[in-house]
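This is query29.cif. It holds mmCIF, C-alpha atoms.
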```
data_input
loop_
_atom_site.label_atom_id
_atom_site.label_comp_id
_atom_site.auth_asym_id
_atom_site.auth_seq_id
_atom_site.Cartn_x
_atom_site.Cartn_y
_atom_site.Cartn_z
CA MET P 28 -10.18 -29.73 -26.21
CA GLU P 29 -10.39 -27.77 -22.95
CA ASN P 30 -8.37 -30.43 -21.10
CA THR P 31 -5.64 -30.19 -23.75
CA LEU P 32 -5.46 -26.42 -23.28
CA ARG P 33 -5.06 -26.82 -19.54
CA LYS P 34 -2.26 -29.36 -20.01
CA GLY P 35 -0.57 -26.91 -22.38
CA ARG P 36 -0.72 -24.19 -19.73
CA TYR P 37 0.90 -26.48 -17.18
CA ASN P 38 3.63 -27.29 -19.69
CA VAL P 39 4.28 -23.59 -20.26
CA LEU P 40 4.42 -23.00 -16.50
CA ALA P 41 6.78 -25.96 -16.04
CA LEU P 42 9.10 -24.78 -18.83
CA LEU P 43 9.05 -21.25 -17.45
CA CYS P 44 10.08 -22.50 -14.00
CA ILE P 45 12.83 -24.69 -15.47
CA GLY P 46 14.17 -21.83 -17.57
CA ILE P 47 14.14 -19.30 -14.76
CA GLY P 48 15.70 -21.80 -12.37
CA ALA P 49 18.48 -22.58 -14.86
CA LEU P 50 19.19 -18.86 -15.37
CA LEU P 51 19.36 -18.28 -11.61
CA ILE P 52 21.75 -21.23 -11.18
CA LEU P 53 23.98 -19.84 -13.94
CA GLU P 54 23.97 -16.45 -12.21
CA ASN P 55 24.72 -17.95 -8.80
CA TYR P 56 27.83 -19.61 -10.23
CA GLY P 57 28.96 -16.46 -12.04
CA TYR P 58 28.37 -17.51 -15.64
CA ILE P 59 25.89 -14.68 -16.31
CA ASN P 60 25.05 -11.44 -14.52
CA GLY P 61 21.99 -9.28 -13.92
CA ILE P 62 19.27 -11.93 -13.76
CA TYR P 63 18.33 -10.81 -10.25
CA HIS P 64 16.97 -7.60 -11.78
CA LEU P 65 14.28 -9.66 -13.46
CA TRP P 66 12.52 -10.82 -10.27
CA PRO P 67 9.48 -8.60 -11.07
CA VAL P 68 8.68 -11.11 -13.81
CA PHE P 69 7.22 -13.36 -11.08
CA PRO P 70 4.44 -10.98 -9.96
CA LEU P 71 3.91 -10.00 -13.60
CA VAL P 72 3.37 -13.61 -14.68
CA LEU P 73 1.18 -14.23 -11.64
CA GLY P 74 -0.91 -11.13 -12.41
CA ILE P 75 -1.33 -12.11 -16.05
CA GLY P 76 -2.22 -15.64 -14.94
CA LEU P 77 -4.87 -14.31 -12.56
CA TYR P 78 -6.29 -12.14 -15.33
CA MET P 79 -6.44 -15.18 -17.63
CA LEU P 80 -8.12 -17.17 -14.84
CA TYR P 81 -10.69 -14.41 -14.50
CA MET P 82 -11.40 -14.56 -18.23
CA ASP P 83 -11.60 -18.38 -18.17
CA ARG P 84 -14.17 -18.28 -15.37
CA GLY P 85 -16.46 -16.22 -17.51
CA LYS P 86 -15.74 -12.92 -15.74
CA LYS P 87 -17.29 -14.15 -12.51
CA ASP P 88 -14.59 -13.62 -9.87
CA ALA P 89 -13.84 -9.92 -9.56
CA VAL P 90 -11.36 -10.43 -6.71
CA VAL P 91 -9.12 -12.48 -9.00
CA LEU P 92 -9.24 -9.65 -11.55
CA ALA P 93 -8.40 -7.01 -8.95
CA ILE P 94 -5.43 -8.95 -7.57
CA GLY P 95 -4.14 -9.65 -11.07
CA VAL P 96 -4.36 -5.99 -12.08
CA TYR P 97 -2.64 -4.93 -8.85
CA LEU P 98 0.22 -7.40 -9.34
CA ILE P 99 0.75 -6.29 -12.94
CA GLN P 100 0.99 -2.65 -11.83
CA PHE P 101 3.30 -3.53 -8.95
CA SER P 102 5.65 -5.46 -11.23
CA MET P 103 5.93 -2.46 -13.56
CA LEU P 104 6.92 -0.24 -10.64
CA ALA P 105 9.37 -2.88 -9.41
CA PHE P 106 11.01 -3.06 -12.86
CA TYR P 107 11.36 0.72 -12.81
CA GLU P 108 12.90 0.63 -9.34
CA ASN P 109 15.29 -2.19 -10.25
CA TYR P 110 16.74 -0.23 -13.14
CA THR P 111 16.83 3.16 -11.42
CA SER P 112 17.15 3.29 -7.64
CA TRP P 113 14.97 1.92 -4.87
CA THR P 114 15.56 5.15 -2.97
CA SER P 115 12.95 6.78 -5.22
CA MET P 116 10.36 4.65 -3.41
CA SER P 117 10.45 7.29 -0.67
CA TYR P 118 8.37 9.51 -2.95
CA LEU P 119 6.71 6.91 -5.20
CA TRP P 120 4.92 5.00 -2.42
CA PRO P 121 1.56 6.72 -3.10
CA PHE P 122 1.33 4.66 -6.29
CA PHE P 123 0.39 1.65 -4.15
CA VAL P 124 -2.81 3.46 -3.17
CA GLY P 125 -3.40 4.40 -6.80
CA PHE P 126 -2.85 0.78 -7.90
CA LEU P 127 -5.66 -0.24 -5.60
CA GLY P 128 -7.88 2.42 -7.18
CA VAL P 129 -7.08 1.16 -10.67
CA SER P 130 -7.91 -2.38 -9.52
CA PHE P 131 -11.35 -1.23 -8.36
CA LEU P 132 -11.81 0.63 -11.63
CA ALA P 133 -11.00 -2.59 -13.52
CA ILE P 134 -13.72 -4.37 -11.54
CA TYR P 135 -16.21 -1.62 -12.31
CA ILE P 136 -15.41 -1.52 -16.04
CA SER P 137 -15.12 -5.26 -16.56
CA THR P 138 -18.04 -6.55 -14.54
CA GLY P 139 -20.37 -3.58 -14.59
CA ALA P 140 -20.64 -4.12 -10.85
CA GLY P 141 -22.15 -1.56 -8.49
CA ILE P 142 -21.23 2.08 -8.60
CA ILE P 143 -19.44 1.62 -5.27
CA PHE P 144 -16.43 0.23 -7.14
CA PHE P 145 -16.28 3.36 -9.24
CA HIS P 146 -16.54 5.54 -6.13
CA LEU P 147 -13.73 3.61 -4.44
CA ALA P 148 -11.59 3.85 -7.58
CA VAL P 149 -12.03 7.62 -7.86
CA PHE P 150 -11.41 8.09 -4.15
CA LEU P 151 -8.25 5.97 -4.06
CA MET P 152 -6.77 7.42 -7.24
CA GLY P 153 -7.50 10.91 -5.93
CA LEU P 154 -5.92 9.99 -2.61
CA CYS P 155 -2.86 8.77 -4.49
CA ILE P 156 -2.55 12.13 -6.22
CA VAL P 157 -3.04 14.01 -2.97
CA PHE P 158 -0.42 11.91 -1.15
CA PHE P 159 1.96 12.35 -4.03
CA LEU P 160 1.53 16.12 -4.07
CA ILE P 161 1.63 16.55 -0.29
CA PHE P 162 4.49 14.24 0.58
CA SER P 163 6.59 14.40 -2.56
CA VAL P 164 6.23 17.74 -4.22
CA ASP P 165 5.38 20.36 -1.60
CA TYR P 166 3.54 20.06 1.71
CA ARG P 167 1.83 23.39 1.02
CA LEU P 168 -0.23 21.70 -1.70
CA TRP P 169 -2.49 19.92 0.80
CA PRO P 170 -5.49 22.18 -0.06
CA ILE P 171 -5.61 20.34 -3.39
CA SER P 172 -7.10 17.48 -1.39
CA LEU P 173 -10.15 19.67 -0.70
CA VAL P 174 -10.50 20.50 -4.39
CA LEU P 175 -10.23 16.81 -5.36
CA PHE P 176 -12.72 15.84 -2.68
CA GLY P 177 -15.19 18.40 -4.03
CA ILE P 178 -14.69 17.16 -7.59
CA SER P 179 -15.23 13.57 -6.48
CA ILE P 180 -18.53 14.55 -4.80
CA ILE P 181 -19.68 16.20 -8.04
CA LEU P 182 -18.64 13.16 -10.10
CA ILE P 183 -20.38 10.75 -7.76
CA LYS P 184 -23.53 12.85 -7.89
CA GLU P 185 -23.41 12.90 -11.72
CA PHE P 186 -22.87 9.15 -12.01
CA ASN P 187 -25.71 8.42 -9.62
CA LYS P 188 -28.11 10.21 -11.99
CA THR P 189 -27.65 7.52 -14.63
#
```

Since I need it in another form, could you write the structure as structure tokens?
Amino acid sequence: MENTLRKGRYNVLALLCIGIGALLILENYGYINGIYHLWPVFPLVLGIGLYMLYMDRGKKDAVVLAIGVYLIQFSMLAFYENYTSWTSMSYLWPFFVGFLGVSFLAIYISTGAGIIFFHLAVFLMGLCIVFFLIFSVDYRLWPISLVLFGISIILIKEFNKT
């Protein structure tokens, strides 16, 4: 049964590659337009595949989960950028730091691993917010970083009590 499921997955992957390749060939020869905007499907499919691999392994490989979650988030941002303007990346770049924080949070929630993953998640997501506020909104908002740092210390102290 399990071997049949694995063969089915390879068939889906093969058909997906054939379909995408055919669409790209049609676009290259001018029969259809706009397929190049769909390139974020590749990291999305890879991220979902890594998440499925993590689930298949019995939730044992947290790194696979983290990479999968990161790739899924990245592909969503890439889709947004493809259909708006990549110039907005000049102020959206802090999301990459936040994506890493969400990946650590996924490890913490899914595996129940050490509190260090929660601490890293809170720190990185807070850093994302601080970078976003400082570099994108107004540089005079940098003191918010002190407030967020203080809140993170309180949260860490509270979670260590449990």

Name every residue that the PyMOL selection byres ((chain P and resi 157) around 12) selects in this structure, writing the answer as number ranges by chain with chains first and numbers rising. P: 121-122, 124-125, 150-156, 158-176

Taking C-alpha atoms for each residue, export the selection above as a PDB file, in the frame of the given file.
```pdb
ATOM      1  CA  PRO P 121       1.560   6.720  -3.100  1.00  0.00           C
ATOM      2  CA  PHE P 122       1.330   4.660  -6.290  1.00  0.00           C
ATOM      3  CA  VAL P 124      -2.810   3.460  -3.170  1.00  0.00           C
ATOM      4  CA  GLY P 125      -3.400   4.400  -6.800  1.00  0.00           C
ATOM      5  CA  PHE P 150     -11.410   8.090  -4.150  1.00  0.00           C
ATOM      6  CA  LEU P 151      -8.250   5.970  -4.060  1.00  0.00           C
ATOM      7  CA  MET P 152      -6.770   7.420  -7.240  1.00  0.00           C
ATOM      8  CA  GLY P 153      -7.500  10.910  -5.930  1.00  0.00           C
ATOM      9  CA  LEU P 154      -5.920   9.990  -2.610  1.00  0.00           C
ATOM     10  CA  CYS P 155      -2.860   8.770  -4.490  1.00  0.00           C
ATOM     11  CA  ILE P 156      -2.550  12.130  -6.220  1.00  0.00           C
ATOM     12  CA  PHE P 158      -0.420  11.910  -1.150  1.00  0.00           C
ATOM     13  CA  PHE P 159       1.960  12.350  -4.030  1.00  0.00           C
ATOM     14  CA  LEU P 160       1.530  16.120  -4.070  1.00  0.00           C
ATOM     15  CA  ILE P 161       1.630  16.550  -0.290  1.00  0.00           C
ATOM     16  CA  PHE P 162       4.490  14.240   0.580  1.00  0.00           C
ATOM     17  CA  SER P 163       6.590  14.400  -2.560  1.00  0.00           C
ATOM     18  CA  VAL P 164       6.230  17.740  -4.220  1.00  0.00           C
ATOM     19  CA  ASP P 165       5.380  20.360  -1.600  1.00  0.00           C
ATOM     20  CA  TYR P 166       3.540  20.060   1.710  1.00  0.00           C
ATOM     21  CA  ARG P 167       1.830  23.390   1.020  1.00  0.00           C
ATOM     22  CA  LEU P 168      -0.230  21.700  -1.700  1.00  0.00           C
ATOM     23  CA  TRP P 169      -2.490  19.920   0.800  1.00  0.00           C
ATOM     24  CA  PRO P 170      -5.490  22.180  -0.060  1.00  0.00           C
ATOM     25  CA  ILE P 171      -5.610  20.340  -3.390  1.00  0.00           C
ATOM     26  CA  SER P 172      -7.100  17.480  -1.390  1.00  0.00           C
ATOM     27  CA  LEU P 173     -10.150  19.670  -0.700  1.00  0.00           C
ATOM     28  CA  VAL P 174     -10.500  20.500  -4.390  1.00  0.00           C
ATOM     29  CA  LEU P 175     -10.230  16.810  -5.360  1.00  0.00           C
ATOM     30  CA  PHE P 176     -12.720  15.840  -2.680  1.00  0.00           C
TER      31      PHE P 176
END
```

re CA of Thr111 in chain P and CA of Leu127 in chain P: distance 23.5 Å

Item to complete: For CA of Gly48 in chain P and CA of Met82 in chain P, quote the distance in Å rounded to one decimal.
Response: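 Going from CA of Gly48 in chain P over to CA of Met82 in chain P, I get 28.7 Å.
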
Residue IDs satisfying the PyMOL selection byres ((chain P and resi 72) around 10), as a list in words
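Answer for the PyMOL selection byres ((chain P and resi 72) around 10): Leu40, Leu43, Pro67, Val68, Phe69, Pro70, Leu71, Leu73, Gly74, Ile75, Gly76, Leu77, Tyr78, Gly95, Leu98, Ile99 and Ser102 of chain P.
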
re CA of Ile62 in chain P and CA of Phe123 in chain P: distance 25.2 Å

Exercise. Hey, which of P:His64, P:Asn38, P:Asp88, P:Ile59 ends up closest to Trp113 in chain P? Count all atoms listed in the file.
Worked result: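 Of the candidates, the smallest distance to Trp113 in chain P is held by P:His64.
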
Six-sided padding of 8 Å per side, axis-aligned box over range 137-153 of chain P, centre and edges in Å, one decimal, as lines of an AutoDock Vina configuration file:
```
center_x = -14.5
center_y = 2.2
center_z = -10.3
size_x = 31.4
size_y = 33.5
size_z = 28.5
```

Point to revise | Selection under test: the PyMOL selection byres ((chain P and resi 92) around 8); residues as a list in words | key: Leu77, Tyr78, Tyr81, Asp88, Ala89, Val90, Val91, Ala93, Ile94, Gly95, Val96, Ser130, Ala133 and Ile134 of chain P

Could you pull the residues within 12 Å of Gly61 in chain P, counting all atoms listed in the file, minus those fewer than 4 positions along the same chain, as a list of chain:residue names? P:Leu50, P:Leu51, P:Leu53, P:Glu54, P:Asn55, P:Gly57, P:Leu65, P:Trp66, P:Asn109, P:Tyr110

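Considering the residues P:Trp120, P:Asn187, P:Gly46, P:Ile178 and counting all atoms listed in the file, Phe145 in chain P has its shortest atom-to-atom contact with P:Asn187.
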
I need the residue nearest Phe131 in chain P from this list: P:Ile52, P:Leu147, P:Leu119, P:Leu182. Use all atoms listed in the file for the distance.
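Among P:Ile52, P:Leu147, P:Leu119, P:Leu182, it is P:Leu147 that comes nearest to Phe131 in chain P.
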